[in-house]
Every structure is written in C-alpha cells, then in structure tokens.
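> My file is entry26.cif. It has mmCIF, C-alpha atoms and all ligand atoms:
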```
data_input
#
loop_
_atom_site.label_atom_id
_atom_site.label_comp_id
_atom_site.auth_asym_id
_atom_site.auth_seq_id
_atom_site.Cartn_x
_atom_site.Cartn_y
_atom_site.Cartn_z
CA MET A 21 110.98 68.04 -44.40
CA GLU A 22 111.04 71.79 -44.01
CA ILE A 23 107.46 71.89 -42.76
CA GLY A 24 108.19 68.97 -40.46
CA ARG A 25 111.16 70.83 -38.90
CA LYS A 26 109.08 73.96 -38.37
CA LEU A 27 106.33 71.91 -36.77
CA PHE A 28 108.90 70.21 -34.52
CA ILE A 29 110.37 73.58 -33.40
CA LEU A 30 106.85 74.91 -32.82
CA LEU A 31 106.05 71.82 -30.79
CA VAL A 32 109.20 72.33 -28.67
CA ILE A 33 108.26 75.99 -28.06
CA VAL A 34 104.70 75.01 -27.08
CA VAL A 35 105.93 72.30 -24.71
CA LEU A 36 108.52 74.63 -23.12
CA SER A 37 105.97 77.43 -22.74
CA ALA A 38 103.47 75.07 -21.17
CA ALA A 39 106.09 73.74 -18.80
CA THR A 40 107.20 77.24 -17.81
CA PHE A 41 103.60 78.33 -17.33
CA GLY A 42 102.95 75.25 -15.29
CA ILE A 43 105.89 75.90 -13.00
CA THR A 44 104.91 79.57 -12.63
CA TYR A 45 101.31 78.56 -12.04
CA ASN A 46 102.38 76.14 -9.37
CA PHE A 47 104.54 78.76 -7.71
CA THR A 48 101.89 81.44 -7.63
CA HIS A 49 99.02 79.15 -6.79
CA ALA A 50 100.73 76.86 -4.37
CA VAL A 51 98.39 76.05 -1.53
CA GLN A 52 100.17 75.10 1.63
CA LYS A 53 98.70 71.91 2.84
CA THR A 54 99.02 71.56 6.59
CA PRO A 55 97.37 68.83 8.58
CA ALA A 56 94.27 69.86 10.47
CA ILE A 57 95.24 71.17 13.90
CA SER A 58 93.32 69.34 16.58
CA GLY A 59 94.63 71.20 19.62
CA PRO A 60 92.71 71.91 22.80
CA TYR A 61 89.75 74.26 22.98
CA LYS A 62 91.14 77.55 24.25
CA LEU A 63 89.58 79.95 26.72
CA THR A 64 91.43 83.09 27.78
CA LEU A 65 90.26 85.17 30.74
CA VAL A 66 91.68 88.57 31.62
CA VAL A 67 91.39 90.19 35.06
CA THR A 68 91.52 93.96 34.99
CA THR A 69 91.28 96.41 37.87
CA ASN A 70 89.98 99.97 38.08
CA ASN A 71 86.76 99.20 36.24
CA TYR A 72 84.05 101.70 37.15
CA TYR A 73 81.24 99.94 39.06
CA ASN A 74 79.11 102.82 40.39
CA ASP A 75 79.47 106.11 42.23
CA SER A 76 79.28 104.71 45.77
CA ILE A 77 81.51 101.67 45.30
CA GLY A 78 83.86 103.12 42.70
CA ASN A 79 86.17 100.76 40.85
CA GLN A 80 86.12 96.98 41.02
CA PRO A 81 88.05 94.12 39.44
CA VAL A 82 86.55 92.24 36.50
CA TYR A 83 87.03 88.87 34.83
CA TYR A 84 86.70 89.30 31.05
CA VAL A 85 86.65 86.70 28.30
CA LEU A 86 89.21 87.51 25.62
CA GLN A 87 87.60 86.61 22.32
CA ASN A 88 88.44 87.68 18.78
CA GLY A 89 90.76 90.35 20.09
CA SER A 90 88.33 92.06 22.42
CA LEU A 91 87.29 91.82 26.05
CA GLN A 92 83.80 90.41 26.44
CA SER A 93 81.49 89.62 29.34
CA SER A 94 82.23 86.63 31.53
CA ALA A 95 78.63 86.46 32.80
CA TYR A 96 78.01 83.41 30.62
CA ILE A 97 80.82 81.13 29.49
CA GLN A 98 80.22 78.10 27.31
CA LEU A 99 82.76 75.27 27.34
CA PRO A 100 82.89 71.92 25.55
CA ALA A 101 82.34 68.63 27.37
CA GLU A 102 84.60 65.67 26.64
CA GLN A 103 87.30 67.83 25.07
CA LYS A 104 90.65 69.11 26.24
CA ILE A 105 90.45 72.76 27.28
CA GLN A 106 93.40 75.06 27.78
CA LEU A 107 92.44 77.86 30.14
CA THR A 108 94.71 80.89 30.32
CA ILE A 109 94.06 83.58 32.92
CA ILE A 110 95.98 86.83 32.55
CA SER A 111 95.69 88.96 35.69
CA TYR A 112 96.61 92.62 35.72
CA ASP A 113 95.76 92.84 39.41
CA ASP A 114 98.96 93.34 41.37
CA GLY A 115 97.60 92.87 44.91
CA PRO A 116 96.45 89.91 47.00
CA ALA A 117 92.94 89.59 48.45
CA TYR A 118 93.81 89.49 52.14
CA PRO A 119 90.34 88.51 53.38
CA LEU A 120 91.05 85.12 51.90
CA GLY A 121 92.78 84.70 55.23
CA ASP A 122 95.62 82.65 56.53
CA PRO A 123 95.00 78.94 55.96
CA GLY A 124 97.52 78.20 58.71
CA LEU A 125 95.13 79.53 61.34
CA PRO A 126 92.42 77.24 62.73
CA ALA A 127 88.90 77.63 61.38
CA GLY A 128 86.84 80.12 63.36
CA SER A 129 89.85 82.07 64.63
CA ASN A 130 90.40 85.67 63.61
CA ASN A 131 91.46 85.85 59.94
CA SER A 132 91.36 82.11 59.45
CA GLY A 133 91.48 81.27 55.80
CA VAL A 134 89.99 78.59 53.63
CA ALA A 135 92.99 76.36 53.09
CA SER A 136 91.48 74.55 50.12
CA LEU A 137 91.30 77.81 48.16
CA TYR A 138 95.09 77.94 48.07
CA ASN A 139 95.16 74.52 46.39
CA VAL A 140 94.77 73.85 42.71
CA SER A 141 91.98 71.32 42.20
CA GLY A 142 89.79 70.02 39.42
CA THR A 143 92.34 70.73 36.67
CA VAL A 144 94.14 67.97 34.78
CA GLY A 145 96.70 66.69 37.30
CA ASN A 146 95.43 69.18 39.90
CA VAL A 147 98.15 71.60 38.83
CA GLU A 148 98.44 74.97 37.12
CA LYS A 149 101.31 76.75 35.43
CA VAL A 150 102.10 80.13 36.93
CA ILE A 151 104.13 82.70 35.03
CA ASN A 152 104.88 85.56 37.38
CA ASN A 153 105.33 89.24 36.64
CA THR A 154 103.69 89.13 33.25
CA ASN A 155 101.68 92.19 34.21
CA VAL A 156 102.75 95.11 32.06
CA ASN A 157 101.81 97.38 34.96
CA SER A 158 103.89 95.51 37.47
CA THR A 159 106.94 97.26 38.83
CA ALA A 160 108.32 94.05 40.32
CA ASN A 161 111.57 92.99 38.69
CA GLY A 162 111.39 95.91 36.32
CA GLY A 163 108.11 95.00 34.67
CA ILE A 164 107.60 92.21 32.20
CA ASN A 165 109.60 89.15 33.08
CA ILE A 166 108.34 85.98 31.51
CA ALA A 167 110.44 83.40 33.25
CA GLY A 168 108.95 80.30 31.72
CA GLY A 169 106.68 79.57 34.60
CA ALA A 170 106.41 76.99 37.31
CA VAL A 171 103.91 74.17 37.59
CA VAL A 172 102.38 74.24 41.05
CA SER A 173 99.65 72.46 43.01
CA ASN A 174 99.16 75.20 45.61
CA LEU A 175 100.00 78.82 46.36
CA ALA A 176 101.58 80.42 49.40
CA HIS A 177 99.56 82.06 52.15
CA TYR A 178 98.39 85.52 51.09
CA GLY A 179 99.64 84.74 47.60
CA VAL A 180 96.21 84.75 45.99
CA SER A 181 94.76 87.70 44.13
CA HIS A 182 91.67 85.99 42.70
CA THR A 183 90.44 82.46 42.11
CA PHE A 184 88.46 80.93 39.31
CA THR A 185 86.28 78.43 41.15
CA VAL A 186 83.43 76.12 40.17
CA SER A 187 82.59 74.47 43.49
CA GLN A 188 80.14 71.96 42.02
CA LEU A 189 82.93 70.60 39.81
CA GLY A 190 85.64 70.75 42.48
CA LEU A 191 87.50 73.24 40.31
CA ASN A 192 89.70 75.83 42.01
CA ILE A 193 92.34 77.84 40.18
CA PRO A 194 94.10 80.37 42.44
CA ILE A 195 95.68 83.37 40.71
CA PRO A 196 98.73 85.11 42.20
CA PRO A 197 99.06 88.88 41.77
CA SER A 198 100.46 90.08 38.42
CA SER A 199 100.58 86.71 36.79
CA THR A 200 99.46 84.54 33.95
CA VAL A 201 98.07 81.13 34.89
CA VAL A 202 97.59 78.26 32.46
CA ALA A 203 95.54 75.19 33.39
CA ASN A 204 94.29 72.22 31.42
CA LEU A 205 90.69 71.20 31.96
CA TYR A 206 88.55 68.26 30.95
CA PHE A 207 84.87 67.97 31.81
CA SER A 208 83.19 64.62 31.26
CA GLN A 209 79.74 65.84 32.28
CA GLN A 210 77.47 68.45 30.80
CA GLY A 211 75.56 70.97 32.85
CA THR A 212 75.12 74.52 34.01
CA TYR A 213 77.24 75.68 36.93
CA ARG A 214 78.16 78.84 38.78
CA TRP A 215 81.69 80.14 38.62
CA GLN A 216 82.87 82.44 41.39
CA CYS A 217 86.06 84.18 42.49
CA GLU A 218 86.50 82.95 46.06
CA ALA A 219 89.05 85.59 47.08
CA PRO A 220 86.83 88.37 48.42
CA CYS A 221 88.00 91.18 46.17
CA GLY A 222 84.77 93.17 46.06
CA SER A 223 83.38 95.90 48.27
CA GLY A 224 81.72 95.90 51.69
CA PRO A 225 83.09 94.91 55.10
CA ASN A 226 83.98 91.37 54.02
CA GLY A 227 84.73 92.12 50.40
CA TRP A 228 81.80 90.09 49.14
CA ASN A 229 79.71 92.91 47.69
CA GLY A 230 80.06 94.73 44.39
CA ALA A 231 82.07 92.72 41.88
CA MET A 232 81.89 89.54 43.98
CA SER A 233 78.12 89.36 43.73
CA THR A 234 77.66 90.65 40.18
CA ALA A 235 77.50 88.37 37.14
CA GLY A 236 80.18 89.20 34.60
CA TRP A 237 82.47 90.69 37.28
CA MET A 238 83.67 88.08 39.79
CA MET A 239 80.99 85.46 39.20
CA GLY A 240 78.82 84.06 36.46
CA THR A 241 77.50 80.96 34.74
CA ILE A 242 79.38 78.18 33.04
CA ASN A 243 77.52 76.01 30.59
CA ILE A 244 79.26 72.77 29.61
CA VAL A 245 77.84 71.22 26.47
CA LEU A 246 78.85 68.73 23.79
CA LEU A 247 80.10 70.86 20.92
CU CU B 301 88.36 88.24 42.60
#
```
What would you get if you wrote out this structure as structure tokens?
Ligand SMILES: [Cu+2]

Amino acid sequence: MEIGRKLFILLVIVVLSAATFGITYNFTHAVQKTPAISGPYKLTLVVTTNNYYNDSIGNQPVYYVLQNGSLQSSAYIQLPAEQKIQLTIISYDDGPAYPLGDPGLPAGSNNSGVASLYNVSGTVGNVEKVINNTNVNSTANGGINIAGGAVVSNLAHYGVSHTFTVSQLGLNIPIPPSSTVVANLYFSQQGTYRWQCEAPCGSGPNGWNGAMSTAGWMMGTINIVLL
C-alpha cells in the first residue's frame, strides 16, 4: 500500500509537471495563425523635385518606385496581369505644370490644353482618390493635413502637377501638387508599354526636354505579365 501511495503521488506530480510544461510550451511557442492575405498587388511611386540632372539643365523632377524602403528607378516597371493593383503616387512637387494648358480653351489657341489629361481614365471606375497636402514640405494649411481624401474623376484646370499616363492602355492618372493619389488598376492583357508624364515638367521651351524625355525620370517602360 505504501509503495502504491508513493507511486500515485509521483504519478500526480508527473502529470501536473507535464501539464504545466505543456501550458508554458504552448504560451512560448504559440504561432499566430492568420489567414493568408490576398490583397491587391501594391505599387508605390514617389515624385521628388530638385534632383540633379546635369550642369546645363540643373534639377528636374523624378518618378521613383518605392520598394523595400528605398527609392528605385522607374525606368522599367513590372506589373501583374489579371490581378488587382493598388497604385499609390506620393508627390512632393508643390507646383502645377502650367504648359499642360487650359482645357477650356479651344484646341490650337494660345495655351490650349489637352482636356483629356485632366480626366482620370483607365483606372477601376475611372476614378482616383486624392489626399491633398500630404507633402511634408508643403506650407499649405500648415503642412501635413491628411483629410481622408476625395474620390474624383477629373481635376481642375491648372490643378495638375504630373500625370502617370499609359496612352496605349487609355490610362491617365493626374496628380495635383503636394498630394497623394491612390488608384486601383486591373490589366487583362499582357504586353510592354510606355509610361509618360504628360504634364510638361521638364526643361526646354515647351518643357518636354530633360526629365520628360529620359527613362526613369518622367517616362519609362511598363511590362505587364502574368505573375
Ligand atoms: Cu511630370
């Protein structure tokens, strides 16, 4: 009987220890199981100004790709076909590109604009979300003022700083000064296309030299492939 009691107590201790260890083990080795996130493919572009181009032209604006925490060249951008894409464009440029012109004036007249470039096209719903004054350098409204944004299908005259345009795909995303723009994209076809800022923000008499005609600055290649 005595041995049986000791064995029973020992058994209780072993069971309790195992249980305690098990609980501790579970606590310290708990792996959080979250369902696989199947959100949209994300592309973030950043427009910066005052980028040195060369001695004669000086500084020019640049479209960068923000990837893994660093700014990388936008000369070649690969995007997935048949997949939702969330494109975010953060522009630190606080001025409009006036040579874009006034779309209210008839074509051929002095300073006539290209009206279609003020419209959002080729995005899902032909809209974009504009969050104004997100530029840390902006002095408007005291600097950063993320107001939640507004979903728009076009921008006001002279209200365009840059565009992100792929003419062959009918894509036009106008960017107001000092703003962040979010647009949803979906491409059903694969192919290689040219992207171009259509707001002449470069050098030269019409603003089409320098950055506007240099890959990785205000133009480049977009390759849409099945990923
Ligand atoms: Cu531009």
> Would you mind listing the residues within 10 Å of ligand CU 301 (chain B), counting all atoms listed in the file, as a PyMOL selection string?
chain A and resi 67+69+80-83+113+116-117+180-184+194-195+216-222+227-228+231-232+237-239
> As an exercise, work out the distance from CA of Gly142 (chain A) to CA of Pro197 (chain A) in Å and give it to one decimal place.
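Computed distance, CA of Gly142 (chain A) to CA of Pro197 (chain A), equals 21.1 Å.
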> Please compute the CA of Tyr73 (chain A)-CA of Leu175 (chain A) distance, one decimal, in Å.
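Here the two named atoms are 29.2 Å from each other.
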> CA of Ser93 (chain A) and CA of Asp75 (chain A) are how many Å apart?
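Between these atoms lies a distance of 21.0 Å.
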> Compare A:Asn192, A:Gly236, A:Ser94, A:Leu99 by their minimum atom-to-atom distance to Val134 (chain A), counting all atoms listed in the file, and give me the closest one.
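Distance minimum relative to Val134 (chain A) lands on A:Asn192.
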> Could you pull the residues within 9 Å of Ile77 (chain A), counting only C-alpha atoms, minus those fewer than 3 positions along the same chain, as JSON, numbers by chain?
{"A": [72, 73, 74, 80, 223, 224, 230]}
> Hey, what's within 10 Å of region 206-212 of chain A if we count all atoms listed in the file and toss same-chain stuff fewer than 3 positions away? As a list in words, please?
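Skipping anything fewer than 3 positions along the chain leaves Pro60, Tyr96, Ile97, Gln98, Leu99, Pro100, Ala101, Glu102, Gln103, Lys104, Ile105, Gln106, Gly142, Thr143, Val144, Gln188, Leu189, Trp215, Thr241, Ile242, Asn243, Ile244, Val245 and Leu246 of chain A.
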> Let's have the selection written as a PDB file, in the coordinates of the input, with C-alpha atoms.

```pdb
ATOM      1  CA  PRO A  60      92.710  71.910  22.800  1.00  0.00           C
ATOM      2  CA  TYR A  96      78.010  83.410  30.620  1.00  0.00           C
ATOM      3  CA  ILE A  97      80.820  81.130  29.490  1.00  0.00           C
ATOM      4  CA  GLN A  98      80.220  78.100  27.310  1.00  0.00           C
ATOM      5  CA  LEU A  99      82.760  75.270  27.340  1.00  0.00           C
ATOM      6  CA  PRO A 100      82.890  71.920  25.550  1.00  0.00           C
ATOM      7  CA  ALA A 101      82.340  68.630  27.370  1.00  0.00           C
ATOM      8  CA  GLU A 102      84.600  65.670  26.640  1.00  0.00           C
ATOM      9  CA  GLN A 103      87.300  67.830  25.070  1.00  0.00           C
ATOM     10  CA  LYS A 104      90.650  69.110  26.240  1.00  0.00           C
ATOM     11  CA  ILE A 105      90.450  72.760  27.280  1.00  0.00           C
ATOM     12  CA  GLN A 106      93.400  75.060  27.780  1.00  0.00           C
ATOM     13  CA  GLY A 142      89.790  70.020  39.420  1.00  0.00           C
ATOM     14  CA  THR A 143      92.340  70.730  36.670  1.00  0.00           C
ATOM     15  CA  VAL A 144      94.140  67.970  34.780  1.00  0.00           C
ATOM     16  CA  GLN A 188      80.140  71.960  42.020  1.00  0.00           C
ATOM     17  CA  LEU A 189      82.930  70.600  39.810  1.00  0.00           C
ATOM     18  CA  TRP A 215      81.690  80.140  38.620  1.00  0.00           C
ATOM     19  CA  THR A 241      77.500  80.960  34.740  1.00  0.00           C
ATOM     20  CA  ILE A 242      79.380  78.180  33.040  1.00  0.00           C
ATOM     21  CA  ASN A 243      77.520  76.010  30.590  1.00  0.00           C
ATOM     22  CA  ILE A 244      79.260  72.770  29.610  1.00  0.00           C
ATOM     23  CA  VAL A 245      77.840  71.220  26.470  1.00  0.00           C
ATOM     24  CA  LEU A 246      78.850  68.730  23.790  1.00  0.00           C
TER      25      LEU A 246
END
```
> Could you pull out every residue with an atom within 12 Å of (94.2, 66.7, 41.7), file coordinates, counting all atoms listed in the file, and send them as a list in words?
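Here the neighbourhood of the point contains Ser136, Asn139, Val140, Ser141, Gly142, Thr143, Val144, Gly145, Asn146, Val147, Glu148, Val172, Ser173, Asn174, Gly190, Leu191, Asn192, Ile193, Ala203, Asn204 and Leu205 of chain A.
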